[in-house]
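K.L.:
Take this structure, written in structure tokens, and hold onto it; I'll ask about it next.
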Amino acid sequence: MRTFRAARPRVLLTALAAGTLLLATACDDTAGPARGQAAGTTAPAAASPTATPTPTPKPTGEADPALKPFYGQQITWADCPADPKAEQAKVDLSTLKCGKLHVPLDYANPAGDALDLALVKYPAAKPDQRLGSLMVNPGGPGGSGVEMVTFGTKDFAGSLHNRYDVIGFDPRGTGASSPIHCLDDKQRDAESQQDAPLDPVARKAQSDRQDAEFTAACQAKSGKLLPFVGTRNTARDLDVLRAAAGDRKLNYLGISYGTYLGSLYAEEFPGNTGRLVLDGAVDPAADDLDASVKQIVGFETAFDRFAADCVENHADECALGKDPAGAAKKAADFLDGLRDHPLPTKDGRKVGSDLAWTAVRSALYGDENQTWNYLRVGLTVAIKAGKGDVLLAFSDDYNERDENGHYTPLHEAHAAIGCADGAAPAPTPERAQQAVQQLQQQAPLMTKGVSVEDFTEDSCHGWPYKSPEKPHAIRAEGAAPILVVGSTGDPATPYASAEALAKGFAKATLLTRVGEGHGAFGKGNACIDQALETYLIDGTMPAEGTRCS
């Protein structure tokens, strides 16, 4: 299954600074036997037979008479309802407007059932200079565009807020847009408290059992929705949103998985593309197994850099020794040891090895100026004081669990959307062995114990709804020039993916951020911010080869 990640929000950082746990808007998942995730659980499995729905015909958009009621709808914007999370984060909801978008469940049958998608708008500060709407998606799949805008208005301050209505939406099956439901909060808590068995056979047996239970629960609670949550349908929803918002062309900012959504939109509706920014890019042509292995290697590389930075630049508050070369190994040994000696926390939960590694992975989406500082504190407190609260905050952020124990539907949406986008076949034994060898050589700390048994099934084994979608290069002939942004130290979507995506388009420019962390938008890099503003406001691309340090 393709693996993606949303942009890191500021909500978690604020919560950690205040000493509290707070739901953040990021969403993520890494495939393969990475730490914090049981090996072999890249997709749900079940004993039920596979039923593949009839592929949806290519849409004709506004030219299709059956879709005219959707394209011609008027969005009713009103004051946003009270939100405890927004209140806790001190978000001024009076600056925002909320609405709904009506879309068909099945574009092949527009007269059938329909869905309402949740929307939020941050209206242009200078309406007399308004350029139109800027649609945004934070990633996932499963991330909430509503929360991206609600909790991230500061990221759009200045020219973007002056000239655009910034609109976030929750894609179908996510957030407040007919979310997919499978497991309840207690089941999610119980699952996260279990470390995956070290024995490969026992690990696979546990994975198969959990996945079968998960799939059965998803079918029982959301079976009607599952065939229709693929990204291509969301791209069609995005075109309906463009028209309903009154825009002739789509102006769009997509981060991580949002770049895949933007790429499919450009392929489906090249004539409707305006100014598209694809940041933290995913290569739609990449082989899923290779992409997963490269992502895990990316996280291990980032972990090595974090540990070395801890020792070299923060020795007085770093508990990882004095040797930069051995710092990551020392941290990994401690995290592995939590399997037998989990850390206590204030809320009564225990932080075992897998949950602690989840926390590390969550923190590595940020950089040395954001989450690395908190991860350093979290590891120091864990190692010296034996307390797991800060690590738990990071793992809760990764899993989208709030302080009241409620989970968002991210986990469910990620599985359903990923499989609706197409299942990767099981690798041959030779390819599986190659993957194991590469992980053992390049990511030995995060894949300790990985084996060929972890790669014996297709990525969506047992999932009832799979599309025929296959990885492929997207040319988007006829689309307006697209701006692709990549970060050299991005662990979740390695820089090579941005290079490949930009090269695949008929017309695209690659903008490079030299630095750590996932995504460039909202990282406080003045060079990046200026380049994005210039393109989105004036339509002027940065010079080919521009690198922002």
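Letters A, B, ... go to the chains of the structure tokens in the order shown; residues in each chain start at 1; ligands are counted from 1 in the same order.
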Could you please write out, as a list in words, every residue of segment 144-222 of chain A that DSSP assigns to strand (DSSP E)?
P.N.:
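The residues of segment 144-222 of chain A classed as strand (DSSP E) are Tyr164, Asp165, Val166, Ile167, Gly168 and Phe169 of chain A.
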K.L.:
For the selection just defined, write its residues with N, CA and C atoms to a file, as a PDB file, in the first residue's frame.
P.N.:
```pdb
ATOM      1  N   TYR A 164      -6.822  35.086  -1.159  1.00  0.00           N
ATOM      2  CA  TYR A 164      -7.575  33.844  -1.380  1.00  0.00           C
ATOM      3  C   TYR A 164      -8.550  33.555  -0.238  1.00  0.00           C
ATOM      4  N   ASP A 165      -9.678  32.968  -0.603  1.00  0.00           N
ATOM      5  CA  ASP A 165     -10.474  32.223   0.360  1.00  0.00           C
ATOM      6  C   ASP A 165      -9.800  30.864   0.501  1.00  0.00           C
ATOM      7  N   VAL A 166      -9.245  30.584   1.659  1.00  0.00           N
ATOM      8  CA  VAL A 166      -8.596  29.290   1.878  1.00  0.00           C
ATOM      9  C   VAL A 166      -9.666  28.302   2.328  1.00  0.00           C
ATOM     10  N   ILE A 167      -9.854  27.230   1.584  1.00  0.00           N
ATOM     11  CA  ILE A 167     -10.929  26.268   1.858  1.00  0.00           C
ATOM     12  C   ILE A 167     -10.336  24.891   2.138  1.00  0.00           C
ATOM     13  N   GLY A 168     -10.688  24.369   3.303  1.00  0.00           N
ATOM     14  CA  GLY A 168     -10.319  23.003   3.653  1.00  0.00           C
ATOM     15  C   GLY A 168     -11.547  22.115   3.627  1.00  0.00           C
ATOM     16  N   PHE A 169     -11.367  20.876   3.231  1.00  0.00           N
ATOM     17  CA  PHE A 169     -12.494  19.939   3.199  1.00  0.00           C
ATOM     18  C   PHE A 169     -12.036  18.593   3.742  1.00  0.00           C
TER      19      PHE A 169
END
```
K.L.:
Could you find all residues in segment 172-386 of chain A that DSSP calls helix (DSSP H, G or I) from the backbone, and write them as an MDAnalysis selection string?
P.N.:
chainID A and resid 185:192 200:222 226:228 231:244 257:268 270:272 288:313 315:317 324:337 353:363 371:385
K.L.:
Keeping only C-alpha atoms, write those residues as a short mmCIF file (atom, residue, chain, number, x, y, z; two decimals), in the first residue's frame.
P.N.:
```
data_model
loop_
_atom_site.label_atom_id
_atom_site.label_comp_id
_atom_site.auth_asym_id
_atom_site.auth_seq_id
_atom_site.Cartn_x
_atom_site.Cartn_y
_atom_site.Cartn_z
CA ASP A 185 -11.83 3.60 21.20
CA LYS A 186 -11.31 0.77 23.69
CA GLN A 187 -10.33 -1.61 20.91
CA ARG A 188 -7.86 0.92 19.52
CA ASP A 189 -6.34 1.44 22.98
CA ALA A 190 -6.00 -2.29 23.55
CA GLU A 191 -4.36 -2.79 20.16
CA SER A 192 -1.85 0.01 20.70
CA PRO A 200 7.87 -14.08 12.73
CA VAL A 201 5.29 -16.87 12.71
CA ALA A 202 3.57 -15.60 15.87
CA ARG A 203 3.76 -12.04 14.54
CA LYS A 204 2.00 -13.01 11.32
CA ALA A 205 -0.65 -14.97 13.19
CA GLN A 206 -1.42 -11.98 15.41
CA SER A 207 -1.45 -9.67 12.40
CA ASP A 208 -3.83 -11.91 10.47
CA ARG A 209 -6.20 -12.15 13.41
CA GLN A 210 -6.23 -8.40 14.04
CA ASP A 211 -6.66 -7.60 10.37
CA ALA A 212 -9.54 -10.04 9.96
CA GLU A 213 -11.32 -8.49 12.95
CA PHE A 214 -10.67 -5.01 11.58
CA THR A 215 -12.00 -5.83 8.12
CA ALA A 216 -15.12 -7.48 9.51
CA ALA A 217 -15.81 -4.43 11.68
CA CYS A 218 -15.35 -2.06 8.73
CA GLN A 219 -17.72 -4.10 6.56
CA ALA A 220 -20.32 -4.25 9.31
CA LYS A 221 -20.27 -0.53 10.08
CA SER A 222 -19.28 1.12 6.79
CA LEU A 226 -15.98 1.31 1.24
CA PRO A 227 -16.11 0.85 -2.58
CA PHE A 228 -16.36 4.61 -3.19
CA THR A 231 -8.70 9.07 -4.41
CA ARG A 232 -10.04 9.30 -7.95
CA ASN A 233 -13.54 9.86 -6.54
CA THR A 234 -12.14 12.48 -4.17
CA ALA A 235 -10.55 14.21 -7.18
CA ARG A 236 -14.02 14.34 -8.74
CA ASP A 237 -15.36 15.80 -5.49
CA LEU A 238 -12.62 18.42 -5.68
CA ASP A 239 -13.79 19.46 -9.13
CA VAL A 240 -17.35 19.79 -7.88
CA LEU A 241 -16.03 21.93 -5.00
CA ARG A 242 -14.14 24.13 -7.46
CA ALA A 243 -17.30 24.83 -9.42
CA ALA A 244 -19.55 25.26 -6.36
CA TYR A 257 -0.89 12.24 0.15
CA GLY A 258 -2.42 15.54 -0.93
CA THR A 259 0.14 15.54 -3.75
CA TYR A 260 -1.28 12.25 -4.99
CA LEU A 261 -4.78 13.73 -4.88
CA GLY A 262 -3.55 16.79 -6.77
CA SER A 263 -1.78 14.61 -9.34
CA LEU A 264 -4.90 12.56 -10.02
CA TYR A 265 -6.93 15.77 -10.30
CA ALA A 266 -4.52 17.09 -12.93
CA GLU A 267 -4.82 13.78 -14.80
CA GLU A 268 -8.64 13.76 -14.64
CA PRO A 270 -6.13 18.97 -16.90
CA GLY A 271 -8.14 21.81 -18.44
CA ASN A 272 -9.41 22.88 -15.02
CA ASP A 288 4.75 0.09 -3.48
CA LEU A 289 7.28 -2.25 -1.88
CA ASP A 290 10.24 -0.16 -2.98
CA ALA A 291 8.51 3.02 -1.78
CA SER A 292 7.81 1.48 1.62
CA VAL A 293 11.39 0.30 2.05
CA LYS A 294 12.74 3.70 1.07
CA GLN A 295 10.42 5.38 3.55
CA ILE A 296 11.56 3.17 6.42
CA VAL A 297 15.18 3.86 5.46
CA GLY A 298 14.32 7.55 5.42
CA PHE A 299 13.06 7.39 8.99
CA GLU A 300 16.14 5.51 10.16
CA THR A 301 18.39 8.10 8.52
CA ALA A 302 16.45 10.91 10.20
CA PHE A 303 16.67 9.05 13.53
CA ASP A 304 20.47 8.83 13.16
CA ARG A 305 20.67 12.56 12.47
CA PHE A 306 18.41 13.39 15.40
CA ALA A 307 20.48 11.29 17.82
CA ALA A 308 23.78 12.76 16.60
CA ASP A 309 22.35 16.30 16.92
CA CYS A 310 21.23 15.48 20.46
CA VAL A 311 24.78 14.54 21.52
CA GLU A 312 26.68 17.14 19.52
CA ASN A 313 24.54 20.23 20.09
CA ALA A 315 24.91 17.54 25.44
CA ASP A 316 23.64 19.04 28.72
CA GLU A 317 20.10 17.78 28.12
CA PRO A 324 27.41 10.82 18.15
CA ALA A 325 28.05 7.66 16.14
CA GLY A 326 26.57 5.44 18.83
CA ALA A 327 23.74 7.68 20.02
CA ALA A 328 21.03 6.19 17.81
CA LYS A 329 21.99 2.64 18.84
CA LYS A 330 21.78 3.61 22.52
CA ALA A 331 18.33 5.10 22.01
CA ALA A 332 17.19 2.05 20.04
CA ASP A 333 18.40 -0.34 22.72
CA PHE A 334 16.41 1.59 25.33
CA LEU A 335 13.28 1.62 23.19
CA ASP A 336 13.62 -2.12 22.50
CA GLY A 337 13.96 -2.75 26.23
CA SER A 353 8.41 -0.69 22.76
CA ASP A 354 6.13 -0.38 19.74
CA LEU A 355 4.26 2.61 21.15
CA ALA A 356 7.56 4.33 21.97
CA TRP A 357 8.86 3.74 18.46
CA THR A 358 5.60 5.19 17.16
CA ALA A 359 6.36 8.30 19.20
CA VAL A 360 9.83 8.56 17.67
CA ARG A 361 8.47 8.22 14.16
CA SER A 362 5.84 10.88 14.90
CA ALA A 363 8.47 13.34 16.11
CA THR A 371 9.60 18.41 17.30
CA TRP A 372 13.21 17.29 17.73
CA ASN A 373 13.45 19.44 20.86
CA TYR A 374 10.45 17.71 22.41
CA LEU A 375 11.63 14.26 21.39
CA ARG A 376 14.96 14.96 23.08
CA VAL A 377 13.11 15.93 26.27
CA GLY A 378 10.83 12.92 25.99
CA LEU A 379 13.70 10.46 25.69
CA THR A 380 15.62 12.12 28.53
CA VAL A 381 12.61 11.94 30.85
CA ALA A 382 11.99 8.34 29.83
CA ILE A 383 15.61 7.22 30.28
CA LYS A 384 16.46 9.15 33.45
CA ALA A 385 13.10 9.36 35.23
#
```
K.L.:
Can you tell me, as number ranges by chain, what residues are no more than 7 Å from Gly173 of chain A when counting only C-alpha atoms, ignoring any on the same chain fewer than 4 positions away?
P.N.:
A: 177-180, 229, 413
K.L.:
May I have the residues within 10 Å of segment 526-538 of chain A as a CSV table (one decimal) with N, CA and C atoms, in the first residue's frame, using only C-alpha atoms and disregarding those fewer than 6 positions away in the same chain?
P.N.:
```csv
chain,number,residue,atom,x,y,z
A,130,ARG,N,-9.5,39.8,-4.3
A,130,ARG,CA,-9.6,38.3,-4.2
A,130,ARG,C,-9.3,37.6,-5.5
A,131,LEU,N,-8.4,36.6,-5.5
A,131,LEU,CA,-8.1,35.9,-6.7
A,131,LEU,C,-9.0,34.6,-6.9
A,134,LEU,N,-8.4,28.9,-2.6
A,134,LEU,CA,-7.2,28.0,-2.5
A,134,LEU,C,-7.7,26.8,-1.7
A,155,ASP,N,-0.4,29.8,9.1
A,155,ASP,CA,0.4,29.4,8.0
A,155,ASP,C,0.0,30.1,6.7
A,156,PHE,N,-1.2,30.7,6.7
A,156,PHE,CA,-1.7,31.3,5.5
A,156,PHE,C,-1.7,32.9,5.6
A,158,GLY,N,-0.7,36.8,5.6
A,158,GLY,CA,-0.1,37.6,4.6
A,158,GLY,C,-0.8,37.5,3.3
A,159,SER,N,0.0,37.4,2.2
A,159,SER,CA,-0.6,37.5,0.9
A,159,SER,C,-1.6,36.5,0.6
A,160,LEU,N,-1.4,35.2,1.1
A,160,LEU,CA,-2.3,34.1,0.8
A,160,LEU,C,-3.7,34.4,1.4
A,162,ASN,N,-4.8,37.4,2.3
A,162,ASN,CA,-5.3,38.6,1.7
A,162,ASN,C,-6.0,38.3,0.3
A,163,ARG,N,-5.5,37.4,-0.5
A,163,ARG,CA,-6.0,37.3,-1.8
A,163,ARG,C,-6.8,36.0,-2.1
A,164,TYR,N,-6.8,35.1,-1.2
A,164,TYR,CA,-7.6,33.8,-1.4
A,164,TYR,C,-8.5,33.6,-0.2
A,251,ASN,N,-7.2,26.2,-7.8
A,251,ASN,CA,-5.9,26.6,-7.2
A,251,ASN,C,-5.8,25.7,-5.9
A,252,TYR,N,-4.7,25.1,-5.7
A,252,TYR,CA,-4.7,24.0,-4.8
A,252,TYR,C,-3.3,23.8,-4.1
A,253,LEU,N,-3.3,23.5,-2.8
A,253,LEU,CA,-2.1,23.2,-2.0
A,253,LEU,C,-2.3,21.8,-1.4
A,274,GLY,N,-5.4,25.2,-12.2
A,274,GLY,CA,-4.9,26.6,-12.1
A,274,GLY,C,-3.5,26.5,-11.6
A,275,ARG,N,-3.3,27.0,-10.4
A,275,ARG,CA,-2.0,27.0,-9.7
A,275,ARG,C,-2.0,25.9,-8.7
A,276,LEU,N,-1.3,24.8,-9.0
A,276,LEU,CA,-1.2,23.6,-8.1
A,276,LEU,C,0.2,23.6,-7.4
A,277,VAL,N,0.2,23.5,-6.1
A,277,VAL,CA,1.4,23.3,-5.3
A,277,VAL,C,1.4,21.9,-4.7
A,482,ILE,N,2.8,23.0,-13.0
A,482,ILE,CA,2.6,22.6,-11.6
A,482,ILE,C,3.9,22.8,-10.8
A,483,LEU,N,3.8,23.3,-9.6
A,483,LEU,CA,5.0,23.5,-8.7
A,483,LEU,C,5.1,22.3,-7.7
A,485,VAL,N,7.3,20.5,-4.7
A,485,VAL,CA,8.2,20.9,-3.6
A,485,VAL,C,8.7,19.7,-2.9
A,511,LEU,N,10.9,22.7,-6.7
A,511,LEU,CA,11.5,23.6,-5.7
A,511,LEU,C,12.0,22.8,-4.6
A,512,THR,N,13.2,23.1,-4.1
A,512,THR,CA,13.9,22.2,-3.1
A,512,THR,C,14.1,23.0,-1.8
A,513,ARG,N,13.7,22.3,-0.7
A,513,ARG,CA,14.0,22.8,0.6
A,513,ARG,C,15.1,21.9,1.2
A,520,ALA,N,7.4,21.2,3.3
A,520,ALA,CA,8.1,22.5,3.4
A,520,ALA,C,7.1,23.6,3.8
A,546,THR,N,16.0,26.0,-8.1
A,546,THR,CA,16.0,26.8,-6.8
A,546,THR,C,16.1,25.9,-5.6
A,547,ARG,N,17.0,26.2,-4.7
A,547,ARG,CA,17.2,25.5,-3.5
A,547,ARG,C,17.2,26.4,-2.3
A,548,CYS,N,16.3,26.1,-1.3
A,548,CYS,CA,16.2,27.0,-0.2
A,548,CYS,C,16.8,26.3,1.0
A,549,SER,N,17.8,26.9,1.6
A,549,SER,CA,18.5,26.4,2.8
A,549,SER,C,17.7,26.7,4.0
```
K.L.:
Which polymer residues have any atom within 7 Å of an atom of Ala285 of chain A, counting only C-alpha atoms, with same-chain residues fewer than 6 positions away left out, as a list of chain:residue names?
P.N.:
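Listing them by chain and then by number gives A:Pro471, A:His472, A:Ala473.
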K.L.:
Save out the residues we just selected, C-alpha atoms, as an mmCIF file, in the first residue's frame.
P.N.:
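Heads up, here's the output in again.cif:
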```
data_model
loop_
_atom_site.group_PDB
_atom_site.id
_atom_site.type_symbol
_atom_site.label_atom_id
_atom_site.label_comp_id
_atom_site.auth_asym_id
_atom_site.auth_seq_id
_atom_site.Cartn_x
_atom_site.Cartn_y
_atom_site.Cartn_z
ATOM 1 C CA PRO A 471 1.030 2.831 -10.016
ATOM 2 C CA HIS A 472 1.716 4.878 -13.114
ATOM 3 C CA ALA A 473 3.463 8.035 -14.203
#
```
K.L.:
I'd like the interatomic distance between atom CA of Pro344 of chain A and atom CA of Gly386 of chain A, to a tenth of an Å.
P.N.:
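Answer for the atom CA of Pro344 of chain A to atom CA of Gly386 of chain A separation: 7.5 Å.
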K.L.:
Rounded to one decimal, what separation in Å do you get between atom CA of Tyr365 of chain A and atom CA of Leu278 of chain A?
P.N.:
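Computed distance, atom CA of Tyr365 of chain A to atom CA of Leu278 of chain A, equals 17.2 Å.
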K.L.:
Looking at A:Val282, A:Ala476, A:Val436, A:Ala118, which one is nearest to Ala500 of chain A, with distances taken over only C-alpha atoms?
P.N.:
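Going through A:Val282, A:Ala476, A:Val436, A:Ala118 one by one, the smallest distance to Ala500 of chain A is for A:Val282.
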K.L.:
Enter the distance from atom CA of Gly478 of chain A to atom CA of Tyr107 of chain A, in Å, rounded to one decimal.
P.N.:
23.6 Å
K.L.:
Mind checking which residues fall within 10 Å of Ala66 of chain A, counting only C-alpha atoms, ignoring those fewer than 2 positions away in the same chain, and posting them as a list in words?
P.N.:
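Counting only the stated atoms, we get Thr60, Gly61, Glu62, Ala63, Asp64, Lys68, Pro69, Phe70, Tyr71, Tyr107, Ala108, Asn109, Pro110 and Ala111 of chain A.
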